[in-house]
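Q: What follows is coords10.txt, compact mmCIF, C-alpha atoms.
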# COMPACT_ATOMS: atom_id res chain seq x y z
CA MET A 1 -11.60 12.07 22.28
CA LYS A 2 -14.99 12.86 20.82
CA LYS A 3 -13.78 12.59 17.22
CA ILE A 4 -12.21 9.16 17.69
CA GLU A 5 -15.38 7.82 19.22
CA VAL A 6 -17.46 9.02 16.30
CA ILE A 7 -15.15 7.32 13.84
CA ARG A 8 -15.27 4.05 15.73
CA ASN A 9 -19.05 4.26 15.72
CA ILE A 10 -19.09 4.74 11.95
CA LEU A 11 -16.92 1.65 11.43
CA GLU A 12 -18.98 -0.47 13.82
CA ALA A 13 -22.24 0.61 12.22
CA ASN A 14 -20.77 -0.14 8.80
CA GLU A 15 -19.76 -3.64 9.89
CA THR A 16 -23.26 -4.40 11.15
CA ILE A 17 -24.86 -3.34 7.86
CA ALA A 18 -22.18 -5.21 5.85
CA ASN A 19 -23.06 -8.44 7.70
CA ARG A 20 -26.73 -7.86 6.96
CA ASN A 21 -25.89 -7.32 3.27
CA GLN A 22 -23.97 -10.59 3.14
CA ASP A 23 -26.85 -12.48 4.74
CA LEU A 24 -29.21 -11.10 2.11
CA LEU A 25 -26.80 -12.04 -0.69
CA ASP A 26 -26.36 -15.56 0.71
CA LYS A 27 -30.11 -16.00 0.98
CA HIS A 28 -30.34 -15.30 -2.75
CA LYS A 29 -27.23 -17.37 -3.60
CA ILE A 30 -25.39 -14.32 -4.92
CA PHE A 31 -21.58 -14.24 -4.79
CA ALA A 32 -20.19 -10.69 -4.41
CA LEU A 33 -16.82 -9.15 -5.26
CA ASN A 34 -15.57 -5.74 -4.06
CA ILE A 35 -13.14 -4.36 -6.67
CA MET A 36 -10.77 -1.67 -5.38
CA SER A 37 -7.88 0.27 -6.93
CA ALA A 38 -6.34 3.68 -7.48
CA PRO A 39 -8.09 5.87 -10.09
CA GLY A 40 -7.44 4.61 -13.60
CA ALA A 41 -5.96 1.21 -12.71
CA GLY A 42 -8.62 -0.56 -14.76
CA LYS A 43 -11.57 -1.52 -12.53
CA THR A 44 -14.19 -0.87 -15.21
CA SER A 45 -12.10 -2.55 -17.92
CA LEU A 46 -11.69 -5.63 -15.71
CA ILE A 47 -15.42 -5.76 -15.06
CA LEU A 48 -16.15 -5.49 -18.80
CA GLN A 49 -13.71 -8.30 -19.62
CA THR A 50 -15.12 -10.43 -16.81
CA MET A 51 -18.68 -9.96 -18.03
CA THR A 52 -17.76 -10.77 -21.62
CA SER A 53 -16.09 -13.95 -20.46
CA LEU A 54 -18.71 -15.13 -17.95
CA LYS A 55 -22.06 -13.79 -19.17
CA SER A 56 -23.00 -17.02 -20.97
CA ARG A 57 -22.67 -18.89 -17.65
CA LEU A 58 -23.74 -16.34 -15.02
CA ASN A 59 -26.20 -13.50 -14.56
CA ILE A 60 -24.05 -10.58 -13.47
CA ALA A 61 -25.11 -7.34 -11.78
CA VAL A 62 -22.82 -4.36 -11.20
CA ILE A 63 -22.86 -1.60 -8.60
CA GLU A 64 -20.72 1.34 -9.74
CA GLY A 65 -19.30 3.68 -7.09
CA ASP A 66 -18.01 7.08 -8.21
CA VAL A 67 -17.60 10.47 -6.62
CA ALA A 68 -19.41 11.93 -9.64
CA SER A 69 -20.64 10.98 -13.15
CA THR A 70 -22.28 7.90 -14.68
CA VAL A 71 -19.38 7.23 -17.08
CA ASP A 72 -18.69 3.73 -15.75
CA ALA A 73 -22.32 2.63 -15.44
CA GLU A 74 -22.87 3.60 -19.08
CA LYS A 75 -19.89 1.48 -20.14
CA VAL A 76 -21.13 -1.70 -18.46
CA GLN A 77 -24.90 -1.40 -18.92
CA ASN A 78 -25.12 -3.40 -22.15
CA GLU A 79 -23.45 -6.48 -20.70
CA ALA A 80 -25.01 -6.59 -17.23
CA THR A 81 -28.28 -8.07 -15.97
CA ALA A 82 -28.67 -4.88 -13.90
CA VAL A 83 -26.53 -1.84 -13.03
CA ILE A 84 -26.81 0.63 -10.17
CA GLN A 85 -24.74 3.84 -10.07
CA ILE A 86 -23.90 5.30 -6.65
CA ASN A 87 -22.51 8.86 -6.62
CA THR A 88 -20.83 9.68 -3.32
CA ARG A 89 -20.29 13.36 -4.12
CA ASN A 90 -22.76 14.85 -1.69
CA MET A 91 -22.13 12.44 1.13
CA SER A 92 -19.77 13.32 3.95
CA GLU A 93 -17.91 10.05 3.50
CA SER A 94 -17.21 10.34 -0.21
CA CYS A 95 -13.85 8.58 -0.37
CA SER A 96 -15.22 5.01 -0.22
CA LEU A 97 -18.39 3.08 -0.79
CA MET A 98 -20.00 2.12 2.52
CA ALA A 99 -22.26 -0.79 3.46
CA ALA A 100 -25.33 1.45 3.84
CA MET A 101 -25.00 2.58 0.20
CA ILE A 102 -24.90 -1.06 -0.91
CA GLU A 103 -27.89 -1.90 1.29
CA GLN A 104 -29.84 0.80 -0.52
CA ALA A 105 -28.68 -0.44 -3.94
CA LEU A 106 -29.63 -4.06 -3.17
CA LYS A 107 -33.25 -2.92 -2.79
CA ASP A 108 -33.23 -1.90 -6.45
CA LEU A 109 -31.62 -5.08 -7.84
CA PRO A 110 -33.53 -8.17 -9.05
CA LEU A 111 -31.86 -10.42 -6.46
CA ASN A 112 -33.51 -13.63 -7.64
CA ASP A 113 -32.00 -13.21 -11.11
CA ILE A 114 -28.38 -12.62 -10.10
CA ASP A 115 -25.49 -15.09 -9.63
CA LEU A 116 -22.57 -12.69 -9.40
CA LEU A 117 -22.56 -9.13 -8.04
CA ILE A 118 -19.52 -7.03 -8.88
CA ILE A 119 -19.11 -3.87 -6.84
CA GLU A 120 -16.73 -1.29 -8.31
CA ASN A 121 -15.53 0.85 -5.44
CA VAL A 122 -14.49 4.51 -5.64
CA GLY A 123 -10.94 4.90 -7.04
CA ASN A 124 -8.86 5.14 -3.88
CA LEU A 125 -6.19 2.97 -2.20
CA ILE A 126 -6.86 4.27 1.32
CA CYS A 127 -10.47 4.68 2.50
CA PRO A 128 -12.03 1.51 0.95
CA SER A 129 -9.70 -0.64 3.08
CA GLU A 130 -11.68 0.39 6.17
CA PHE A 131 -15.20 -0.29 4.95
CA THR A 132 -16.46 -3.76 4.19
CA LEU A 133 -19.63 -3.82 2.11
CA GLY A 134 -20.93 -7.36 2.54
CA GLU A 135 -18.77 -8.78 -0.27
CA HIS A 136 -17.46 -12.36 -0.18
CA LYS A 137 -14.05 -11.55 -1.67
CA ARG A 138 -11.97 -8.38 -1.82
CA VAL A 139 -9.94 -7.67 -4.97
CA VAL A 140 -7.26 -4.97 -5.40
CA ILE A 141 -5.96 -3.96 -8.83
CA SER A 142 -2.51 -2.40 -9.30
CA SER A 143 -1.48 -1.32 -12.78
CA LEU A 144 2.08 -1.27 -14.12
CA PRO A 145 2.33 2.51 -14.73
CA GLU A 146 1.64 3.16 -11.02
CA GLY A 147 4.97 1.57 -10.05
CA ASP A 148 5.82 -1.53 -8.03
CA ASP A 149 6.00 0.29 -4.66
CA LYS A 150 2.25 0.60 -4.04
CA PRO A 151 1.99 -2.30 -1.54
CA THR A 152 4.75 -0.64 0.51
CA LYS A 153 3.07 2.75 0.42
CA TYR A 154 -0.58 1.67 0.86
CA PRO A 155 -0.25 -1.59 2.82
CA LEU A 156 -3.67 -1.81 4.49
CA ILE A 157 -5.70 -2.38 1.35
CA PHE A 158 -3.32 -5.18 0.23
CA ILE A 159 -3.27 -6.87 3.65
CA ASP A 160 -7.03 -7.56 3.49
CA ALA A 161 -7.22 -8.53 -0.19
CA ASP A 162 -8.21 -12.04 -1.30
CA ALA A 163 -6.88 -11.37 -4.79
CA VAL A 164 -4.38 -8.86 -6.18
CA ILE A 165 -4.42 -8.14 -9.90
CA ILE A 166 -1.44 -6.70 -11.78
CA ASN A 167 -3.12 -5.01 -14.74
CA LYS A 168 -1.81 -3.35 -17.93
CA MET A 169 0.80 -6.07 -18.50
CA ASP A 170 0.86 -4.90 -22.15
CA LEU A 171 2.75 -1.77 -20.96
CA LEU A 172 5.63 -3.76 -19.43
CA PRO A 173 8.16 -2.81 -22.16
CA HIS A 174 7.40 0.91 -21.66
CA VAL A 175 7.43 1.41 -17.86
CA ASP A 176 9.71 0.64 -14.90
CA PHE A 177 7.94 -2.06 -12.91
CA ASP A 178 9.70 -4.97 -11.20
CA ILE A 179 7.13 -7.77 -11.00
CA ALA A 180 9.31 -9.91 -8.69
CA ASN A 181 9.64 -6.97 -6.29
CA PHE A 182 5.87 -6.36 -6.33
CA ARG A 183 5.15 -10.05 -5.69
CA ARG A 184 7.68 -10.08 -2.84
CA SER A 185 5.90 -7.14 -1.20
CA ILE A 186 2.52 -8.88 -1.49
CA GLN A 187 4.03 -12.09 -0.14
CA GLY A 188 5.33 -10.16 2.88
CA LEU A 189 2.04 -8.42 3.61
CA ASN A 190 -0.44 -11.12 2.70
CA PRO A 191 0.92 -14.54 1.67
CA GLU A 192 -2.61 -15.95 1.18
CA ALA A 193 -3.55 -13.53 -1.59
CA GLU A 194 -3.91 -14.89 -5.12
CA VAL A 195 -1.92 -12.78 -7.60
CA PHE A 196 -3.00 -12.44 -11.23
CA GLU A 197 -0.98 -10.85 -14.03
CA LEU A 198 -3.26 -9.68 -16.82
CA SER A 199 -4.04 -7.10 -19.45
CA CYS A 200 -7.61 -5.94 -19.91
CA LYS A 201 -6.50 -4.43 -23.23
CA THR A 202 -5.18 -7.65 -24.82
CA GLY A 203 -7.22 -10.13 -22.76
CA GLU A 204 -4.05 -11.88 -21.54
CA GLY A 205 -4.67 -13.60 -18.18
CA ILE A 206 -8.45 -13.02 -18.12
CA GLU A 207 -9.21 -16.74 -18.42
CA ARG A 208 -7.30 -17.66 -15.25
CA TRP A 209 -8.95 -14.79 -13.38
CA CYS A 210 -12.43 -15.90 -14.48
CA SER A 211 -11.68 -19.51 -13.48
CA TRP A 212 -10.78 -18.25 -10.02
CA ILE A 213 -14.14 -16.44 -9.77
CA LEU A 214 -16.01 -19.62 -10.76
CA GLU A 215 -14.09 -21.65 -8.15
CA GLN A 216 -14.81 -19.09 -5.43
CA LEU A 217 -18.45 -18.94 -6.39
CA GLU A 218 -18.73 -22.73 -6.17
CA THR A 219 -16.90 -22.90 -2.83
CA ASN A 220 -19.16 -20.20 -1.45
CA ALA A 221 -22.31 -22.00 -2.66
CA LYS A 222 -21.21 -25.17 -0.83
CA LYS A 223 -20.88 -23.24 2.44
CA GLN A 224 -24.56 -22.24 2.43
CA MET B 10 -26.56 15.41 12.96
CA LYS B 11 -23.66 14.95 15.36
CA LYS B 12 -21.42 13.39 12.70
CA ILE B 13 -21.91 16.25 10.25
CA GLU B 14 -21.08 18.79 12.92
CA VAL B 15 -17.85 17.01 13.81
CA ILE B 16 -16.77 16.98 10.18
CA ARG B 17 -17.47 20.67 9.78
CA ASN B 18 -15.43 21.35 12.90
CA ILE B 19 -12.48 19.40 11.49
CA LEU B 20 -12.57 21.42 8.26
CA GLU B 21 -12.85 24.74 10.10
CA ALA B 22 -10.01 23.89 12.45
CA ASN B 23 -7.92 22.81 9.46
CA GLU B 24 -8.56 26.13 7.69
CA THR B 25 -7.45 28.12 10.75
CA ILE B 26 -4.18 26.21 11.01
CA ALA B 27 -3.63 26.43 7.23
CA ASN B 28 -3.90 30.23 7.42
CA ARG B 29 -1.39 30.26 10.27
CA ASN B 30 0.98 28.08 8.20
CA GLN B 31 0.75 30.47 5.27
CA ASP B 32 1.49 33.46 7.50
CA LEU B 33 4.60 31.71 8.80
CA LEU B 34 5.73 30.84 5.26
CA ASP B 35 5.15 34.43 4.09
CA LYS B 36 7.13 35.81 7.03
CA HIS B 37 10.08 33.68 5.86
CA LYS B 38 9.50 34.48 2.15
CA ILE B 39 8.85 30.82 1.35
CA PHE B 40 6.62 29.93 -1.61
CA ALA B 41 4.75 26.64 -1.10
CA LEU B 42 3.21 24.17 -3.56
CA ASN B 43 0.77 21.36 -2.65
CA ILE B 44 1.21 18.50 -5.18
CA MET B 45 -1.75 16.13 -5.41
CA SER B 46 -2.56 13.12 -7.61
CA ALA B 47 -3.74 9.52 -7.69
CA PRO B 48 -1.18 6.92 -6.54
CA GLY B 49 1.58 6.48 -9.10
CA ALA B 50 0.80 9.50 -11.30
CA GLY B 51 4.33 10.85 -10.79
CA LYS B 52 4.39 13.27 -7.84
CA THR B 53 7.85 12.20 -6.64
CA SER B 54 9.24 12.10 -10.19
CA LEU B 55 7.94 15.62 -10.81
CA ILE B 56 9.52 16.85 -7.58
CA LEU B 57 12.85 15.26 -8.53
CA GLN B 58 12.81 16.86 -11.99
CA THR B 59 11.82 20.22 -10.50
CA MET B 60 14.66 20.10 -7.98
CA THR B 61 17.21 19.14 -10.64
CA SER B 62 16.07 22.04 -12.76
CA LEU B 63 15.79 24.71 -10.05
CA LYS B 64 18.32 23.80 -7.34
CA SER B 65 21.00 26.14 -8.71
CA ARG B 66 18.59 29.06 -8.27
CA LEU B 67 16.50 28.13 -5.22
CA ASN B 68 16.84 26.36 -1.90
CA ILE B 69 14.12 23.72 -1.94
CA ALA B 70 12.59 21.79 0.96
CA VAL B 71 10.20 18.87 0.58
CA ILE B 72 7.51 17.49 2.88
CA GLU B 73 6.56 13.94 1.87
CA GLY B 74 3.12 12.63 2.83
CA ASP B 75 2.53 8.88 2.73
CA VAL B 76 0.26 6.42 4.47
CA ALA B 77 3.37 4.32 5.21
CA SER B 78 7.06 4.02 4.25
CA THR B 79 9.90 6.50 3.64
CA VAL B 80 10.37 5.46 0.00
CA ASP B 81 9.72 8.94 -1.40
CA ALA B 82 11.74 10.85 1.20
CA GLU B 83 14.73 8.63 0.44
CA LYS B 84 14.40 9.40 -3.27
CA VAL B 85 14.47 13.18 -2.85
CA GLN B 86 16.87 13.59 0.08
CA ASN B 87 20.04 14.08 -1.95
CA GLU B 88 18.66 17.02 -3.91
CA ALA B 89 16.75 18.89 -1.21
CA THR B 90 17.88 21.45 1.37
CA ALA B 91 15.71 19.55 3.87
CA VAL B 92 13.16 16.73 3.79
CA ILE B 93 10.44 15.78 6.27
CA GLN B 94 8.48 12.51 5.96
CA ILE B 95 4.96 12.43 7.38
CA ASN B 96 3.35 8.98 7.74
CA THR B 97 -0.41 9.22 8.19
CA ARG B 98 -0.90 5.51 8.91
CA ASN B 99 -1.80 5.76 12.56
CA MET B 100 -3.88 8.90 12.30
CA SER B 101 -7.62 8.68 11.99
CA GLU B 102 -7.57 11.00 8.97
CA SER B 103 -5.07 9.05 6.89
CA CYS B 104 -6.40 9.81 3.43
CA SER B 105 -4.95 13.33 3.13
CA LEU B 106 -2.29 15.52 4.64
CA MET B 107 -3.84 18.08 7.00
CA ALA B 108 -2.69 21.55 8.04
CA ALA B 109 -1.78 20.43 11.58
CA MET B 110 0.68 17.86 10.18
CA ILE B 111 2.35 20.62 8.11
CA GLU B 112 2.44 22.95 11.14
CA GLN B 113 4.37 20.25 13.00
CA ALA B 114 6.75 19.69 10.07
CA LEU B 115 7.46 23.42 9.70
CA LYS B 116 8.91 23.40 13.21
CA ASP B 117 11.60 20.99 12.02
CA LEU B 118 12.53 22.86 8.82
CA PRO B 119 15.26 25.55 8.57
CA LEU B 120 12.78 28.21 7.44
CA ASN B 121 15.37 30.95 6.93
CA ASP B 122 17.23 28.83 4.38
CA ILE B 123 14.26 27.88 2.16
CA ASP B 124 12.85 29.62 -0.94
CA LEU B 125 10.50 26.92 -2.21
CA LEU B 126 8.60 24.32 -0.18
CA ILE B 127 7.11 21.43 -2.13
CA ILE B 128 4.53 19.38 -0.27
CA GLU B 129 3.81 15.94 -1.76
CA ASN B 130 0.35 14.96 -0.60
CA VAL B 131 -0.90 11.39 -0.04
CA GLY B 132 -1.82 9.68 -3.34
CA ASN B 133 -5.57 10.28 -3.51
CA LEU B 134 -7.90 12.28 -5.78
CA ILE B 135 -10.63 12.70 -3.17
CA CYS B 136 -9.67 13.65 0.41
CA PRO B 137 -6.86 16.17 -0.33
CA SER B 138 -9.37 18.41 -2.14
CA GLU B 139 -10.98 19.20 1.22
CA PHE B 140 -7.90 20.10 3.26
CA THR B 141 -5.80 23.18 2.50
CA LEU B 142 -2.36 23.09 4.10
CA GLY B 143 -1.17 26.71 3.88
CA GLU B 144 0.19 26.33 0.34
CA HIS B 145 0.20 29.23 -2.14
CA LYS B 146 -0.66 27.13 -5.18
CA ARG B 147 -2.41 23.79 -5.64
CA VAL B 148 -1.18 21.42 -8.35
CA VAL B 149 -2.94 18.25 -9.58
CA ILE B 150 -1.14 15.65 -11.71
CA SER B 151 -3.02 13.31 -14.05
CA SER B 152 -1.04 10.70 -15.95
CA LEU B 153 -1.95 9.30 -19.36
CA PRO B 154 -2.47 5.65 -18.30
CA GLU B 155 -5.20 6.74 -15.85
CA GLY B 156 -7.43 7.78 -18.75
CA ASP B 157 -8.85 11.16 -19.79
CA ASP B 158 -12.06 10.89 -17.73
CA LYS B 159 -10.56 11.71 -14.32
CA PRO B 160 -11.75 15.36 -14.20
CA THR B 161 -15.31 14.11 -14.84
CA LYS B 162 -15.06 11.45 -12.14
CA TYR B 163 -13.15 13.39 -9.47
CA PRO B 164 -14.18 17.00 -10.21
CA LEU B 165 -13.57 18.66 -6.83
CA ILE B 166 -9.79 18.36 -6.82
CA PHE B 167 -9.58 19.83 -10.34
CA ILE B 168 -11.95 22.72 -9.57
CA ASP B 169 -9.60 24.11 -6.92
CA ALA B 170 -6.31 23.51 -8.78
CA ASP B 171 -4.09 26.39 -9.90
CA ALA B 172 -2.18 24.08 -12.23
CA VAL B 173 -3.02 20.72 -13.82
CA ILE B 174 -0.18 18.58 -15.13
CA ILE B 175 -0.63 15.86 -17.74
CA ASN B 176 2.28 13.53 -17.00
CA LYS B 177 3.73 10.46 -18.76
CA MET B 178 3.36 12.05 -22.22
CA ASP B 179 5.98 9.50 -23.39
CA LEU B 180 3.27 6.79 -23.11
CA LEU B 181 0.91 8.53 -25.55
CA PRO B 182 1.49 5.99 -28.38
CA HIS B 183 0.66 3.08 -26.03
CA VAL B 184 -2.52 4.19 -24.20
CA ASP B 185 -5.97 5.56 -25.05
CA PHE B 186 -5.99 9.17 -23.87
CA ASP B 187 -7.67 12.04 -25.70
CA ILE B 188 -5.76 15.18 -24.70
CA ALA B 189 -8.32 17.50 -26.30
CA ASN B 190 -11.11 15.82 -24.31
CA PHE B 191 -9.14 16.11 -21.05
CA ARG B 192 -8.41 19.80 -21.71
CA ARG B 193 -12.09 20.43 -22.50
CA SER B 194 -13.09 18.89 -19.15
CA ILE B 195 -10.59 21.08 -17.28
CA GLN B 196 -11.77 24.14 -19.22
CA GLY B 197 -15.35 23.36 -18.16
CA LEU B 198 -14.52 22.86 -14.48
CA ASN B 199 -11.80 25.44 -13.99
CA PRO B 200 -10.95 27.73 -16.93
CA GLU B 201 -8.29 29.60 -14.91
CA ALA B 202 -6.09 26.53 -14.36
CA GLU B 203 -2.75 26.38 -16.19
CA VAL B 204 -2.35 23.05 -18.01
CA PHE B 205 1.08 21.51 -18.59
CA GLU B 206 1.86 18.50 -20.78
CA LEU B 207 5.09 16.85 -19.70
CA SER B 208 7.04 13.67 -19.16
CA CYS B 209 9.11 13.25 -16.02
CA LYS B 210 10.82 10.32 -17.76
CA THR B 211 12.10 12.23 -20.82
CA GLY B 212 12.13 15.73 -19.31
CA GLU B 213 9.79 17.04 -22.04
CA GLY B 214 7.85 20.08 -20.77
CA ILE B 215 9.76 20.45 -17.48
CA GLU B 216 11.27 23.79 -18.52
CA ARG B 217 7.88 25.46 -19.03
CA TRP B 218 6.63 24.06 -15.71
CA CYS B 219 9.68 25.38 -13.86
CA SER B 220 9.30 28.82 -15.51
CA TRP B 221 5.75 28.90 -14.18
CA ILE B 222 6.98 28.15 -10.65
CA LEU B 223 9.54 31.00 -10.87
CA GLU B 224 6.86 33.41 -12.10
CA GLN B 225 4.47 32.43 -9.30
CA LEU B 226 7.23 32.73 -6.72
CA GLU B 227 8.06 36.25 -7.96
CA THR B 228 4.41 37.34 -8.04
CA ASN B 229 3.94 36.02 -4.52
CA ALA B 230 7.06 37.84 -3.25
CA LYS B 231 5.72 41.14 -4.62
CA LYS B 232 2.48 40.68 -2.68
CA GLN B 233 4.30 40.63 0.67
What do you get writing this file as structure tokens?

A:
Amino acid sequence: MKKIEVIRNILEANETIANRNQDLLDKHKIFALNIMSAPGAGKTSLILQTMTSLKSRLNIAVIEGDVASTVDAEKVQNEATAVIQINTRNMSESCSLMAAMIEQALKDLPLNDIDLLIIENVGNLICPSEFTLGEHKRVVISSLPEGDDKPTKYPLIFIDADAVIINKMDLLPHVDFDIANFRRSIQGLNPEAEVFELSCKTGEGIERWCSWILEQLETNAKKQ
Amino acid sequence: MKKIEVIRNILEANETIANRNQDLLDKHKIFALNIMSAPGAGKTSLILQTMTSLKSRLNIAVIEGDVASTVDAEKVQNEATAVIQINTRNMSESCSLMAAMIEQALKDLPLNDIDLLIIENVGNLICPSEFTLGEHKRVVISSLPEGDDKPTKYPLIFIDADAVIINKMDLLPHVDFDIANFRRSIQGLNPEAEVFELSCKTGEGIERWCSWILEQLETNAKKQ
């Protein structure tokens, strides 16, 4: 039983720190998104498109989570107010970002100058579902080449999502992906989730997604 | 320090059971592959193509690892000598198959009737790199739509691979993927790894991959 107890302690400790992170973000009127997906589904591309679309209206900071490398941080650095790269490689819990890593990163961000914080989680459909980070909304990206069965095979991450993005719509003619079937699965697991169909390559659907962010940001500001 | 000790104990216990699994497989002259990839890279499609190509020469069993669902087991059941589905959903270590799960599955397989055991791991590029299962060879699939930077971002799983498969070659005209760059990254991390370019959709490259399996199976049999 020892092992199970340790794991429960990790999750409880994570929750406590996540709540503290959210309090700090609220104090500074920062709205935070946690972007999760399998490797290569398009998290960084979505963040780049989002920044291009919203940077004239919002100051945006990005926290990049990766097992190794600074590839993603380099891609977004020109568009962001500030970027922090977290490498989880040498940490025993390397399969997800955790609230304590975000707490550390927040110390290095100019909190008074930020409206929107986008956290790009490690590419993984399993572990990140267990660890909240202090974000206001949780976003999961699925991309067409992965197949439409992902909600059935990795249900937990979809159950807790506020928004589900179907990315790489430009590949629809070239892959087998039944959008109605995917939407039915999401509806069954999590009928409250907003679903967006978009392509970060062509820009299709980005406007609706960015409108949703602005609405959420406004709603969140009114709560404070 | 307690947490770190517990994790080390899990890995050591896993290694002991994995060695026991391999002894049992060797006793029954079964050659075992551990197939790993991100979600949707094509593990099940590769297994289906491999079975179609090799079933006239080998008796093949499959162990399917998934967080939830029996989707993959249903797909392969018609072609396989035997199929076992493992669902990791309710286990505290749900982000990878572990040797103890394979030990349990081996009890339900007709070991005397099997030449090749293919284990499809949970879709994840992080956790499965830490847990050996008793397999003889480790195979990682990357698919073109994921992008060519995956070895840089998830190095550990590629460092320990015996074979790396580049799948979905049929999508090359539609995505940005630099094959030379990907191969250079693999060469840097793991120069011994065999690299295969193939498409499970068109069948391109399957023959060379299956020849490699037959060679490995023969080499392994000679060792016993």

Q: What residues in chain A have any atom no more than 8 Å from chain B when counting all atoms listed in the file, and can you write them as a JSON list (two decimals) with C-alpha atoms, in the frame of the given file?

A:
[["chain", "number", "residue", "atom", "x", "y", "z"],
["A", 3, "LYS", "CA", -13.78, 12.59, 17.22],
["A", 4, "ILE", "CA", -12.21, 9.16, 17.69],
["A", 6, "VAL", "CA", -17.46, 9.02, 16.30],
["A", 7, "ILE", "CA", -15.15, 7.32, 13.84],
["A", 38, "ALA", "CA", -6.34, 3.68, -7.48],
["A", 39, "PRO", "CA", -8.09, 5.87, -10.09],
["A", 40, "GLY", "CA", -7.44, 4.61, -13.60],
["A", 41, "ALA", "CA", -5.96, 1.21, -12.71],
["A", 66, "ASP", "CA", -18.01, 7.08, -8.21],
["A", 67, "VAL", "CA", -17.60, 10.47, -6.62],
["A", 68, "ALA", "CA", -19.41, 11.93, -9.64],
["A", 69, "SER", "CA", -20.64, 10.98, -13.15],
["A", 71, "VAL", "CA", -19.38, 7.23, -17.08],
["A", 92, "SER", "CA", -19.77, 13.32, 3.95],
["A", 94, "SER", "CA", -17.21, 10.34, -0.21],
["A", 95, "CYS", "CA", -13.85, 8.58, -0.37],
["A", 124, "ASN", "CA", -8.86, 5.14, -3.88],
["A", 125, "LEU", "CA", -6.19, 2.97, -2.20],
["A", 126, "ILE", "CA", -6.86, 4.27, 1.32],
["A", 127, "CYS", "CA", -10.47, 4.68, 2.50],
["A", 145, "PRO", "CA", 2.33, 2.51, -14.73],
["A", 146, "GLU", "CA", 1.64, 3.16, -11.02],
["A", 147, "GLY", "CA", 4.97, 1.57, -10.05],
["A", 150, "LYS", "CA", 2.25, 0.60, -4.04],
["A", 152, "THR", "CA", 4.75, -0.64, 0.51],
["A", 153, "LYS", "CA", 3.07, 2.75, 0.42],
["A", 154, "TYR", "CA", -0.58, 1.67, 0.86],
["A", 155, "PRO", "CA", -0.25, -1.59, 2.82],
["A", 171, "LEU", "CA", 2.75, -1.77, -20.96],
["A", 174, "HIS", "CA", 7.40, 0.91, -21.66]]

Q: What does the distance between CA of Leu198 in chain B and CA of Pro128 in chain A come to in Å, to one decimal place?

A: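 A separation of 26.5 Å between them.
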
Q: Could you tell me how far CA of Asp162 in chain A lies from CA of Val140 in chain A, in Å and to one decimal?

A: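 Straight-line distance from CA of Asp162 in chain A to CA of Val140 in chain A works out to 8.2 Å.
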
Q: If I take CA of Leu207 in chain B and CA of Ile174 in chain B, how far is one from the other in Å, to one decimal?

A: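 Here the two named atoms are 7.2 Å from each other.
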
Q: I'd like the box whose edges run along x, y and z of the file and which contains every listed atom of range 36-55 of chain A, padded by 5 Å per side; could you state its centre and edge lengths in Å, one decimal, as lines of an AutoDock Vina configuration file?

A:
center_x = -14.0
center_y = -4.6
center_z = -13.5
size_x = 26.1
size_y = 31.0
size_z = 26.2

Q: Take the point (-12.1, 22.7, -10.8) in the file's coordinates, draw a sphere of radius 7 Å around it, and report as number ranges by chain every protein, DNA or RNA residue with an atom inside or on it, counting all atoms listed in the file.

A: B: 164-170, 195, 198-199

Q: Nearest to Ala99 in chain A: which of A:Ile179, A:Leu54, A:Ala32, A:Ala13 is it, counting all atoms listed in the file?

A: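 Of A:Ile179, A:Leu54, A:Ala32, A:Ala13, the one nearest Ala99 in chain A, counting all atoms listed in the file, is A:Ala13.
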